[in-house]
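K.L.:
Have a look at this one before I ask anything.
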4 protein chains.
Amino acid sequence: MTVHTDDPPVSSATGRPLTTRGRQTRRRLLEAAEQVFADLGYHEASIVKITEHAGVALGTFYLYFDGKQAVFDELVLDLNSRVRHSMSEAMSTAADRIEAERLGFEGFFRFTAAHPALYRVVREAEFVSPAMLKLHYERIVDGYRAGLAAAQRDGEIAAELDTDVVAWALMGAGELIGMRYLLWEKDADGRPPAQIDPAVLDGMTAFITRALRPDTTEGKTDD
Amino acid sequence: MTVHTDDPPVSSATGRPLTTRGRQTRRRLLEAAEQVFADLGYHEASIVKITEHAGVALGTFYLYFDGKQAVFDELVLDLNSRVRHSMSEAMSTAADRIEAERLGFEGFFRFTAAHPALYRVVREAEFVSPAMLKLHYERIVDGYRAGLAAAQRDGEIAAELDTDVVAWALMGAGELIGMRYLLWEKDADGRPPAQIDPAVLDGMTAFITRALRPDTTEGKTDD
Amino acid sequence: MTVHTDDPPVSSATGRPLTTRGRQTRRRLLEAAEQVFADLGYHEASIVKITEHAGVALGTFYLYFDGKQAVFDELVLDLNSRVRHSMSEAMSTAADRIEAERLGFEGFFRFTAAHPALYRVVREAEFVSPAMLKLHYERIVDGYRAGLAAAQRDGEIAAELDTDVVAWALMGAGELIGMRYLLWEKDADGRPPAQIDPAVLDGMTAFITRALRPDTTEGKTDD
Amino acid sequence: MTVHTDDPPVSSATGRPLTTRGRQTRRRLLEAAEQVFADLGYHEASIVKITEHAGVALGTFYLYFDGKQAVFDELVLDLNSRVRHSMSEAMSTAADRIEAERLGFEGFFRFTAAHPALYRVVREAEFVSPAMLKLHYERIVDGYRAGLAAAQRDGEIAAELDTDVVAWALMGAGELIGMRYLLWEKDADGRPPAQIDPAVLDGMTAFITRALRPDTTEGKTDD
DNA sequence: AATGAATGAGAGTTCATTCAT
DNA sequence: TATGAATGAACTCTCATTCAT
């Protein structure tokens with residue numbers, strides 16, 4: 001599990017810079033936190049469980065983090081950074097915006113399937129650290145909106161659409177589809193699927209394509 | 001605040017039927033719980049706070065509910081019942097399915113604006129009582145899907161759409177739009193808006209209409 | 001189950017005399033208390049459980065008893081009265097004191113097997129109502145001691161024995177034998193035996209006989 | 001007050017080994033528990049009272065014990081171990097089995113007088129932790145029975161006696177004698193006696209001696 | 001840099017008892 | 001005579017955090 005945020009705060013809770021050993025301990029704690037928060041949720045999780053999972057003593061935790069909420073917040077930022085990275089990488093090969101949307105969702109679902117912590121931790125942030133959830137959503141929406149607006153200028157998507165509203169709608173749709181068809185879906189053995197059902201992705205693509213594509217009469221801009 | 005569920009459990013925690021006085025006390029407790037859970041969230045809420053709010057003694061709570069989680073669960077069911085009632089009432093005057101969708105969202109947003117507890121309580125159920133959240137979503141989706149399937153048979157919406165996927169996508173979209181433009185929006189006085197910005201509702205309607213409407217070449221069924 | 005004490009307090013908690021109906025309710029409550037205390041012990045038992053068992057409402061209990069401890073105390077007295085009655089009846093046909101001892105124990109064990117509440121309730125009195133336990137033991141010992149003293153005067157048992165010490169010793173012995181071979185013994189089906197193993201009773205009789213019988217050289221008094 | 005069990009569990013509630021400081025705290029808690037349980041009984045006792053008595057914070061208790069019942073159980077084991085140690089030490093100088101019995105009772109009474117917790121705690125175990133009481137009695141009886149059987153082989157006590165029955169009878173006798181003449185006896189100042197009345201011990205010895213000694217006609221085995 | 005014993009506020013829950021009906 | 005809703009003190013137990021080592 002690789003942990004990389006936009007602005008990696010590789011310093012101790014007291015602000016001192018860290019030695020190599022310190023950085024390692026810190027990373028182990030953050031990874032343990034991801035595991036424990038994902039498995040148990042914020043309130044069932046405890047610092048003891050995190051430190052046990054990380055194989056360090058209880059007190060050590062407070063050398064690197066200000067407290068329970070602080071690790072949690074950092075974890076949300078970290079997951080946000082990673083899921084956006086996964087999505088933008090998936091979209092990078094798209095020929096047009098609508099293909100980009102499909103690839104973006106594919107990347108999102110792939111990340112979700114591989115990191116169930118994303119939902120469990122990020123969505124719980126709504127109740128633990130509301131500002132973090134807002135930040136998470138807004139960062140994703142920002143990317144969306146920028147892409148949609150550019151595509152609109154290029155005539156790739158319908159001019160009448162409100163890119164802000166559409167961006168939020170798409171994110172909401174993606175989130176619930178992921179929850180329904182990835183997190184709640186169980187195969188014969190009761191295990192969650194490793195990837196989303198292609199038929200669902202197709203259904204989602206059809207829905208999005210219809211919503212976004214320009215009207216047939218709509219004049220395309222040159223480019 | 002009116003409390004009405006599909007199957008109102010007007011009995012005590014021990015299952016005995018209640019006197020009039022008992023029913024009143026129970027309802028006051030459930031209403032207090034809605035208030036307190038909405039204001040503070042599940043974990044910050046406490047039975048003491050609920051009983052204080054209801055103006056009864058601590059022990060009284062346990063005459064009517066099995067515990068903290070039990071009131072919470074009942075509250076989720078109650079809110080689910082009420083929001084669905086609000087939506088179906090709003091949709092009842094629609095001329096066609098696409099208008100029904102718009103009216104349904106309008107009803108949903110109106111309920112959300114009037115009962116912030118819906119989001120705060122229901123979404124938190126994901127972490128407190130996952131089965132309740134699933135139930136909540138599934139009950140709403142069931143209605144959606146049935147309406148979409150019927151409309152598809154009538155040629156009111158595109159035949160190619162996967163009604164299940166669309167139903168979940170629409171619900172997710174509606175949820176995040178509501179969160180963004182109702183719960184997070186503040187007017188000049190820092191108060192949340194009493195109703196959703198009509199422009200947003202229009203944007204959403206455009207999005208949905210484009211996604212659902214049959215292709216122009218698509219043959220309509222007679223009616 | 002018949003309830004009869006030396007001094008049956010057939011009056012309400014407030015001291016008023018009782019109607020026939022009142023007496024019935026009171027007796028049902030006392031019998032329910034015996035059952036519930038025996039099954040659950042004093043602390044696990046609750047007034048609600050007793051009244052439910054008796055088929056009356058909670059408040060009714062306080063019409064007849066001063067409280068939880070009060071029923072308990074009355075129950076101890078009642079059981080004491082009944083076990084002593086059972087023992088003295090069993091001893092009534094004895095030819096001599098040593099036979100009387102054997103028959104007395106037999107009666108005690110029979111009562112114990114039929115009324116497990118005796119142990120459960122009476123022994124718990126040590127911690128709930130110490131004065132009641134003392135009374136229980138002393139009443140039994142009084143009978144013992146009187147019988148032993150008379151037998152000593154008649155030369156049926158050894159003159160050197162301290163009747164007080166012997167009475168307490170015999171009662172203690174009987175109590176632990178009953179606990180070990182009746183309450184803790186389970187047959188093939190895991191059920192407690194309906195009567196004590198005759199071999200055990202023989203063993204006990206041998207022990208007592210040896211301890212009590214006069215020395216062979218000891219002169220018997222005429223009778 | 002020295003605390004020593006057969007198998008001293010010098011580990012925390014979570015099973016981790018303890019530092020010196022931790023072991024000290026644990027021992028202080030166990031001693032405080034002995035005091036508090038003996039003074040108040042199981043149900044009146046509370047963790048708060050135990051920790052206050054021990055001079056530590058409430059939470060500290062749970063570092064070392066799993067809960068109220070757990071300390072109680074450990075205390076029963078501890079007392080059992082100590083009283084048996086006291087008895088076997090007292091018996092070690094006996095010339096024959098009958099003298100051993102007398103010395104054993106003396107040791108038991110001495111321990112009882114010095115540690116009233118023995119009765120109060122161990123007998124209450126019948127209702128709090130029945131398995132513990134059984135264990136307590138059985139461990140004592142095991143020693144008794146072994147001694148009696150050996151003595152029987154040596155012809156020191158009557159061959160006809162059932163050693164199992166006799167062992168339980170003797171223990172029961174000793175327990176009630178101790179209760180009557182130590183715990184319930186008060187001197188002029190209302191204080192319990194520091195040691196048992198020698199006359200009672202003599203009475204008990206006479207009783208036991210008569211019961212156990214071989215018949216005069218019984219042939220002794222050579223040794 | 002790391003340890004782990006100690007803290008104590010605060011939670012959910014139970015139940016004997018009262019009293020208006 | 002009977003009811004059962006209401007009370008609230010007291011309990012056990014948890015866990016984020018501190019700090020001496």
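Each chain in the structure tokens gets a letter, A, B, ..., in the order shown, and its residues are numbered from 1; ligands are numbered from 1 in order too.
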Per residue of chain E within 10 Å of chain B, record the nearest atom pair and its distance in Å to one decimal, counting only C-alpha atoms (C1' of nucleotides), with rows in chain order and ascending residue number, as JSON lines.
P.N.:
{"residue": "E:DA11", "atom": "C1'", "partner": "B:Ser46", "partner_atom": "CA", "distance": 7.8}
{"residue": "E:DG12", "atom": "C1'", "partner": "B:Ile47", "partner_atom": "CA", "distance": 7.8}
{"residue": "E:DT13", "atom": "C1'", "partner": "B:Gly67", "partner_atom": "CA", "distance": 8.2}
{"residue": "E:DT14", "atom": "C1'", "partner": "B:Gly59", "partner_atom": "CA", "distance": 8.6}
{"residue": "E:DC15", "atom": "C1'", "partner": "B:Gly59", "partner_atom": "CA", "distance": 9.3}
K.L.:
How would you write, as an MDAnalysis selection string, the set of residues in chain A that DSSP gives as alpha helix (DSSP H)?
P.N.:
chainID A and resid 20:44 47:54 58:64 68:91 97:114 117:128 130:153 163:178 198:212
K.L.:
So which residues touch Leu170 in chain B within 9 Å, counting only C-alpha atoms (C1' of nucleotides), skipping near sequence neighbours fewer than 2 positions away, as JSON, numbers by chain?
P.N.:
{"A": [169, 172, 173], "B": [144, 165, 166, 167, 168, 172, 173, 174, 175, 208]}
K.L.:
Keeping only N, CA and C atoms, take the residues you just selected and write them out as a compact mmCIF listing (two decimals), in the first residue's frame.
P.N.:
# COMPACT_ATOMS: atom_id res chain seq x y z
N ALA A 169 -23.81 15.97 -10.05
CA ALA A 169 -24.72 14.86 -10.33
C ALA A 169 -23.93 13.61 -10.73
N GLY A 172 -22.24 12.07 -7.71
CA GLY A 172 -23.22 11.37 -6.87
C GLY A 172 -23.64 10.05 -7.50
N ALA A 173 -23.88 10.10 -8.80
CA ALA A 173 -24.29 8.87 -9.48
C ALA A 173 -23.19 7.81 -9.35
N TYR B 144 -38.48 4.11 -7.91
CA TYR B 144 -37.88 4.66 -9.11
C TYR B 144 -37.93 3.66 -10.26
N VAL B 165 -29.68 0.45 -13.16
CA VAL B 165 -28.52 1.34 -13.09
C VAL B 165 -28.97 2.79 -13.05
N VAL B 166 -29.94 3.12 -13.89
CA VAL B 166 -30.41 4.50 -13.94
C VAL B 166 -31.03 4.92 -12.61
N ALA B 167 -31.79 4.01 -12.02
CA ALA B 167 -32.43 4.36 -10.75
C ALA B 167 -31.39 4.69 -9.69
N TRP B 168 -30.36 3.86 -9.58
CA TRP B 168 -29.31 4.15 -8.59
C TRP B 168 -28.56 5.42 -8.95
N GLY B 172 -28.32 8.73 -6.56
CA GLY B 172 -27.02 9.27 -6.16
C GLY B 172 -26.88 10.72 -6.58
N ALA B 173 -27.29 11.01 -7.80
CA ALA B 173 -27.21 12.38 -8.28
C ALA B 173 -28.03 13.31 -7.40
N GLY B 174 -29.24 12.90 -7.14
CA GLY B 174 -30.13 13.73 -6.32
C GLY B 174 -29.55 13.96 -4.94
N GLU B 175 -28.95 12.93 -4.41
CA GLU B 175 -28.43 13.06 -3.05
C GLU B 175 -27.29 14.07 -2.99
N ILE B 208 -31.34 15.26 -16.62
CA ILE B 208 -32.15 14.04 -16.58
C ILE B 208 -32.94 13.86 -17.87
K.L.:
Contacts between chain F and chain C, please, where a residue of chain C counts if it comes within 10 Å (with only C-alpha atoms (C1' of nucleotides)); show its shortest atom pair and distance in Å to one decimal, rows by chain and ascending number, as a tab-separated table.
P.N.:
residue	atom	partner	partner_atom	distance
C:Thr19	CA	F:DT1	C1'	9.5
C:Arg21	CA	F:DT1	C1'	8.7
C:Gly22	CA	F:DT1	C1'	7.6
C:Val56	CA	F:DA2	C1'	8.3
C:Ala57	CA	F:DT3	C1'	6.1
C:Leu58	CA	F:DG4	C1'	6.9
C:Gly59	CA	F:DT3	C1'	6.6
C:Thr60	CA	F:DA2	C1'	6.2
C:Phe61	CA	F:DA2	C1'	10.0
C:Leu63	CA	F:DT1	C1'	8.9
K.L.:
Could those residues be written to a file, using N, CA and C atoms, as an mmCIF file, in the first residue's frame?
P.N.:
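What landed in selection39.cif:
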data_model
loop_
_atom_site.group_PDB
_atom_site.id
_atom_site.type_symbol
_atom_site.label_atom_id
_atom_site.label_comp_id
_atom_site.auth_asym_id
_atom_site.auth_seq_id
_atom_site.Cartn_x
_atom_site.Cartn_y
_atom_site.Cartn_z
ATOM 1 N N THR C 19 -58.978 -9.280 52.179
ATOM 2 C CA THR C 19 -60.146 -10.004 51.700
ATOM 3 C C THR C 19 -59.673 -11.351 51.162
ATOM 4 N N ARG C 21 -59.931 -12.422 48.145
ATOM 5 C CA ARG C 21 -59.221 -12.154 46.899
ATOM 6 C C ARG C 21 -57.807 -11.652 47.178
ATOM 7 N N GLY C 22 -57.708 -10.756 48.151
ATOM 8 C CA GLY C 22 -56.395 -10.230 48.508
ATOM 9 C C GLY C 22 -55.469 -11.331 48.986
ATOM 10 N N VAL C 56 -49.766 -10.579 37.884
ATOM 11 C CA VAL C 56 -50.395 -9.340 38.367
ATOM 12 C C VAL C 56 -49.542 -8.162 37.912
ATOM 13 N N ALA C 57 -50.089 -6.967 38.079
ATOM 14 C CA ALA C 57 -49.340 -5.786 37.648
ATOM 15 C C ALA C 57 -48.275 -5.440 38.680
ATOM 16 N N LEU C 58 -47.311 -4.666 38.198
ATOM 17 C CA LEU C 58 -46.161 -4.323 39.034
ATOM 18 C C LEU C 58 -46.569 -3.699 40.357
ATOM 19 N N GLY C 59 -47.442 -2.703 40.279
ATOM 20 C CA GLY C 59 -47.813 -1.967 41.480
ATOM 21 C C GLY C 59 -48.472 -2.838 42.536
ATOM 22 N N THR C 60 -49.122 -3.879 42.093
ATOM 23 C CA THR C 60 -49.833 -4.755 43.023
ATOM 24 C C THR C 60 -48.903 -5.336 44.085
ATOM 25 N N PHE C 61 -47.677 -5.593 43.676
ATOM 26 C CA PHE C 61 -46.710 -6.163 44.611
ATOM 27 C C PHE C 61 -46.640 -5.352 45.904
ATOM 28 N N LEU C 63 -48.736 -3.616 47.294
ATOM 29 C CA LEU C 63 -49.908 -3.664 48.168
ATOM 30 C C LEU C 63 -49.733 -4.730 49.239
#
K.L.:
How many Å lie between CA of Val36 in chain D and CA of Glu52 in chain D, rounded to one decimal?
P.N.:
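Between CA of Val36 in chain D and CA of Glu52 in chain D the gap is 10.1 Å.
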K.L.:
Could you list, as a count of residues only, every residue of chain A that has an atom within 9 Å of an atom of chain B, counting only C-alpha atoms?
P.N.:
40
K.L.:
Find the residues around range 108-117 of chain C up to 8 Å (only C-alpha atoms (C1' of nucleotides) counted), leave out those fewer than 4 positions away in its own chain, and share them as a PDB file with N, CA, C and O atoms, in the first residue's frame.
P.N.:
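Saved to part_12.pdb:
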ATOM      1  N   GLU C  34     -40.857 -17.355  45.336  1.00  0.00           N
ATOM      2  CA  GLU C  34     -40.064 -18.552  45.598  1.00  0.00           C
ATOM      3  C   GLU C  34     -39.453 -19.066  44.303  1.00  0.00           C
ATOM      4  O   GLU C  34     -38.258 -19.335  44.214  1.00  0.00           O
ATOM      5  N   GLN C  35     -40.281 -19.168  43.302  1.00  0.00           N
ATOM      6  CA  GLN C  35     -39.832 -19.636  41.992  1.00  0.00           C
ATOM      7  C   GLN C  35     -38.719 -18.752  41.429  1.00  0.00           C
ATOM      8  O   GLN C  35     -37.652 -19.228  41.030  1.00  0.00           O
ATOM      9  N   PHE C  37     -36.843 -16.325  42.836  1.00  0.00           N
ATOM     10  CA  PHE C  37     -35.616 -16.252  43.630  1.00  0.00           C
ATOM     11  C   PHE C  37     -34.800 -17.536  43.476  1.00  0.00           C
ATOM     12  O   PHE C  37     -33.573 -17.513  43.414  1.00  0.00           O
ATOM     13  N   ALA C  38     -35.503 -18.664  43.437  1.00  0.00           N
ATOM     14  CA  ALA C  38     -34.791 -19.932  43.313  1.00  0.00           C
ATOM     15  C   ALA C  38     -34.124 -20.062  41.951  1.00  0.00           C
ATOM     16  O   ALA C  38     -32.997 -20.537  41.836  1.00  0.00           O
ATOM     17  N   ASP C  39     -34.802 -19.593  40.938  1.00  0.00           N
ATOM     18  CA  ASP C  39     -34.246 -19.733  39.586  1.00  0.00           C
ATOM     19  C   ASP C  39     -33.118 -18.750  39.321  1.00  0.00           C
ATOM     20  O   ASP C  39     -32.140 -19.086  38.655  1.00  0.00           O
ATOM     21  N   VAL C  83     -39.193 -26.814  56.147  1.00  0.00           N
ATOM     22  CA  VAL C  83     -38.167 -27.865  56.228  1.00  0.00           C
ATOM     23  C   VAL C  83     -38.139 -28.468  57.629  1.00  0.00           C
ATOM     24  O   VAL C  83     -37.980 -29.680  57.808  1.00  0.00           O
ATOM     25  N   SER C  86     -40.926 -30.847  57.854  1.00  0.00           N
ATOM     26  CA  SER C  86     -40.612 -32.079  57.127  1.00  0.00           C
ATOM     27  C   SER C  86     -39.674 -32.975  57.929  1.00  0.00           C
ATOM     28  O   SER C  86     -39.830 -34.204  57.986  1.00  0.00           O
ATOM     29  N   MET C  87     -38.693 -32.349  58.596  1.00  0.00           N
ATOM     30  CA  MET C  87     -37.740 -33.126  59.373  1.00  0.00           C
ATOM     31  C   MET C  87     -38.401 -33.747  60.596  1.00  0.00           C
ATOM     32  O   MET C  87     -38.211 -34.935  60.895  1.00  0.00           O
ATOM     33  N   GLY C 104     -34.053 -37.938  60.381  1.00  0.00           N
ATOM     34  CA  GLY C 104     -34.054 -36.481  60.230  1.00  0.00           C
ATOM     35  C   GLY C 104     -33.304 -36.065  58.973  1.00  0.00           C
ATOM     36  O   GLY C 104     -33.787 -35.258  58.166  1.00  0.00           O
ATOM     37  N   VAL C 121     -32.293 -20.128  48.166  1.00  0.00           N
ATOM     38  CA  VAL C 121     -32.804 -18.949  48.853  1.00  0.00           C
ATOM     39  C   VAL C 121     -32.179 -18.793  50.227  1.00  0.00           C
ATOM     40  O   VAL C 121     -31.657 -17.740  50.581  1.00  0.00           O
ATOM     41  N   VAL C 122     -32.203 -19.878  51.001  1.00  0.00           N
ATOM     42  CA  VAL C 122     -31.763 -19.746  52.387  1.00  0.00           C
ATOM     43  C   VAL C 122     -30.285 -19.400  52.470  1.00  0.00           C
ATOM     44  O   VAL C 122     -29.880 -18.502  53.208  1.00  0.00           O
ATOM     45  N   GLY C 178     -25.755 -32.534  51.424  1.00  0.00           N
ATOM     46  CA  GLY C 178     -26.882 -32.262  50.534  1.00  0.00           C
ATOM     47  C   GLY C 178     -26.434 -31.504  49.297  1.00  0.00           C
ATOM     48  O   GLY C 178     -26.858 -31.785  48.172  1.00  0.00           O
ATOM     49  N   LEU C 182     -26.746 -33.939  46.253  1.00  0.00           N
ATOM     50  CA  LEU C 182     -28.064 -33.695  45.654  1.00  0.00           C
ATOM     51  C   LEU C 182     -28.000 -32.583  44.605  1.00  0.00           C
ATOM     52  O   LEU C 182     -28.380 -32.763  43.465  1.00  0.00           O
ATOM     53  N   LEU C 183     -27.476 -31.430  45.041  1.00  0.00           N
ATOM     54  CA  LEU C 183     -27.526 -30.289  44.131  1.00  0.00           C
ATOM     55  C   LEU C 183     -26.478 -30.366  43.033  1.00  0.00           C
ATOM     56  O   LEU C 183     -26.719 -29.921  41.910  1.00  0.00           O
ATOM     57  N   PRO C 193     -30.678 -35.779  40.946  1.00  0.00           N
ATOM     58  CA  PRO C 193     -31.385 -36.978  41.433  1.00  0.00           C
ATOM     59  C   PRO C 193     -32.619 -36.591  42.247  1.00  0.00           C
ATOM     60  O   PRO C 193     -32.653 -35.535  42.880  1.00  0.00           O
ATOM     61  N   ALA C 194     -33.612 -37.465  42.214  1.00  0.00           N
ATOM     62  CA  ALA C 194     -34.842 -37.185  42.943  1.00  0.00           C
ATOM     63  C   ALA C 194     -34.688 -37.476  44.440  1.00  0.00           C
ATOM     64  O   ALA C 194     -35.432 -36.960  45.263  1.00  0.00           O
ATOM     65  N   GLN C 195     -33.729 -38.322  44.756  1.00  0.00           N
ATOM     66  CA  GLN C 195     -33.480 -38.600  46.171  1.00  0.00           C
ATOM     67  C   GLN C 195     -31.992 -38.911  46.331  1.00  0.00           C
ATOM     68  O   GLN C 195     -31.300 -39.215  45.352  1.00  0.00           O
ATOM     69  N   ILE C 196     -31.539 -38.800  47.532  1.00  0.00           N
ATOM     70  CA  ILE C 196     -30.108 -38.995  47.762  1.00  0.00           C
ATOM     71  C   ILE C 196     -29.738 -40.468  47.566  1.00  0.00           C
ATOM     72  O   ILE C 196     -30.555 -41.366  47.795  1.00  0.00           O
TER      73      ILE C 196
END
K.L.:
Show which residues sit within 10 Å of Arg84 in chain A, as number ranges by chain. Count only C-alpha atoms (C1' of nucleotides), and ignore same-chain residues fewer than 5 positions away.
P.N.:
A: 79, 89-90, 104, 107-108, 111, 136, 139-140, 143
K.L.:
Output C-alpha atoms of each residue in that selection to a file, as a tab-separated table (two decimals), in the first residue's frame.
P.N.:
chain	number	residue	atom	x	y	z
A	79	LEU	CA	-7.17	8.72	-0.16
A	89	GLU	CA	-4.46	8.42	-15.13
A	90	ALA	CA	-7.36	6.33	-16.41
A	104	GLY	CA	-12.82	8.07	-15.34
A	107	GLY	CA	-10.71	4.19	-12.84
A	108	PHE	CA	-12.84	5.19	-9.92
A	111	PHE	CA	-9.73	2.08	-7.17
A	136	HIS	CA	-12.77	15.62	-0.96
A	139	ARG	CA	-11.45	18.53	-5.34
A	140	ILE	CA	-13.00	15.82	-7.46
A	143	GLY	CA	-11.51	18.36	-12.04
K.L.:
Between CA of Ala33 in chain D and CA of Leu75 in chain D, what is the spacing in Å?
P.N.:
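It comes out at 7.8 Å.
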K.L.:
Go ahead and compute the interatomic distance for CA of His53 in chain B and CA of Arg26 in chain B, in Å to one decimal.
P.N.:
12.8 Å
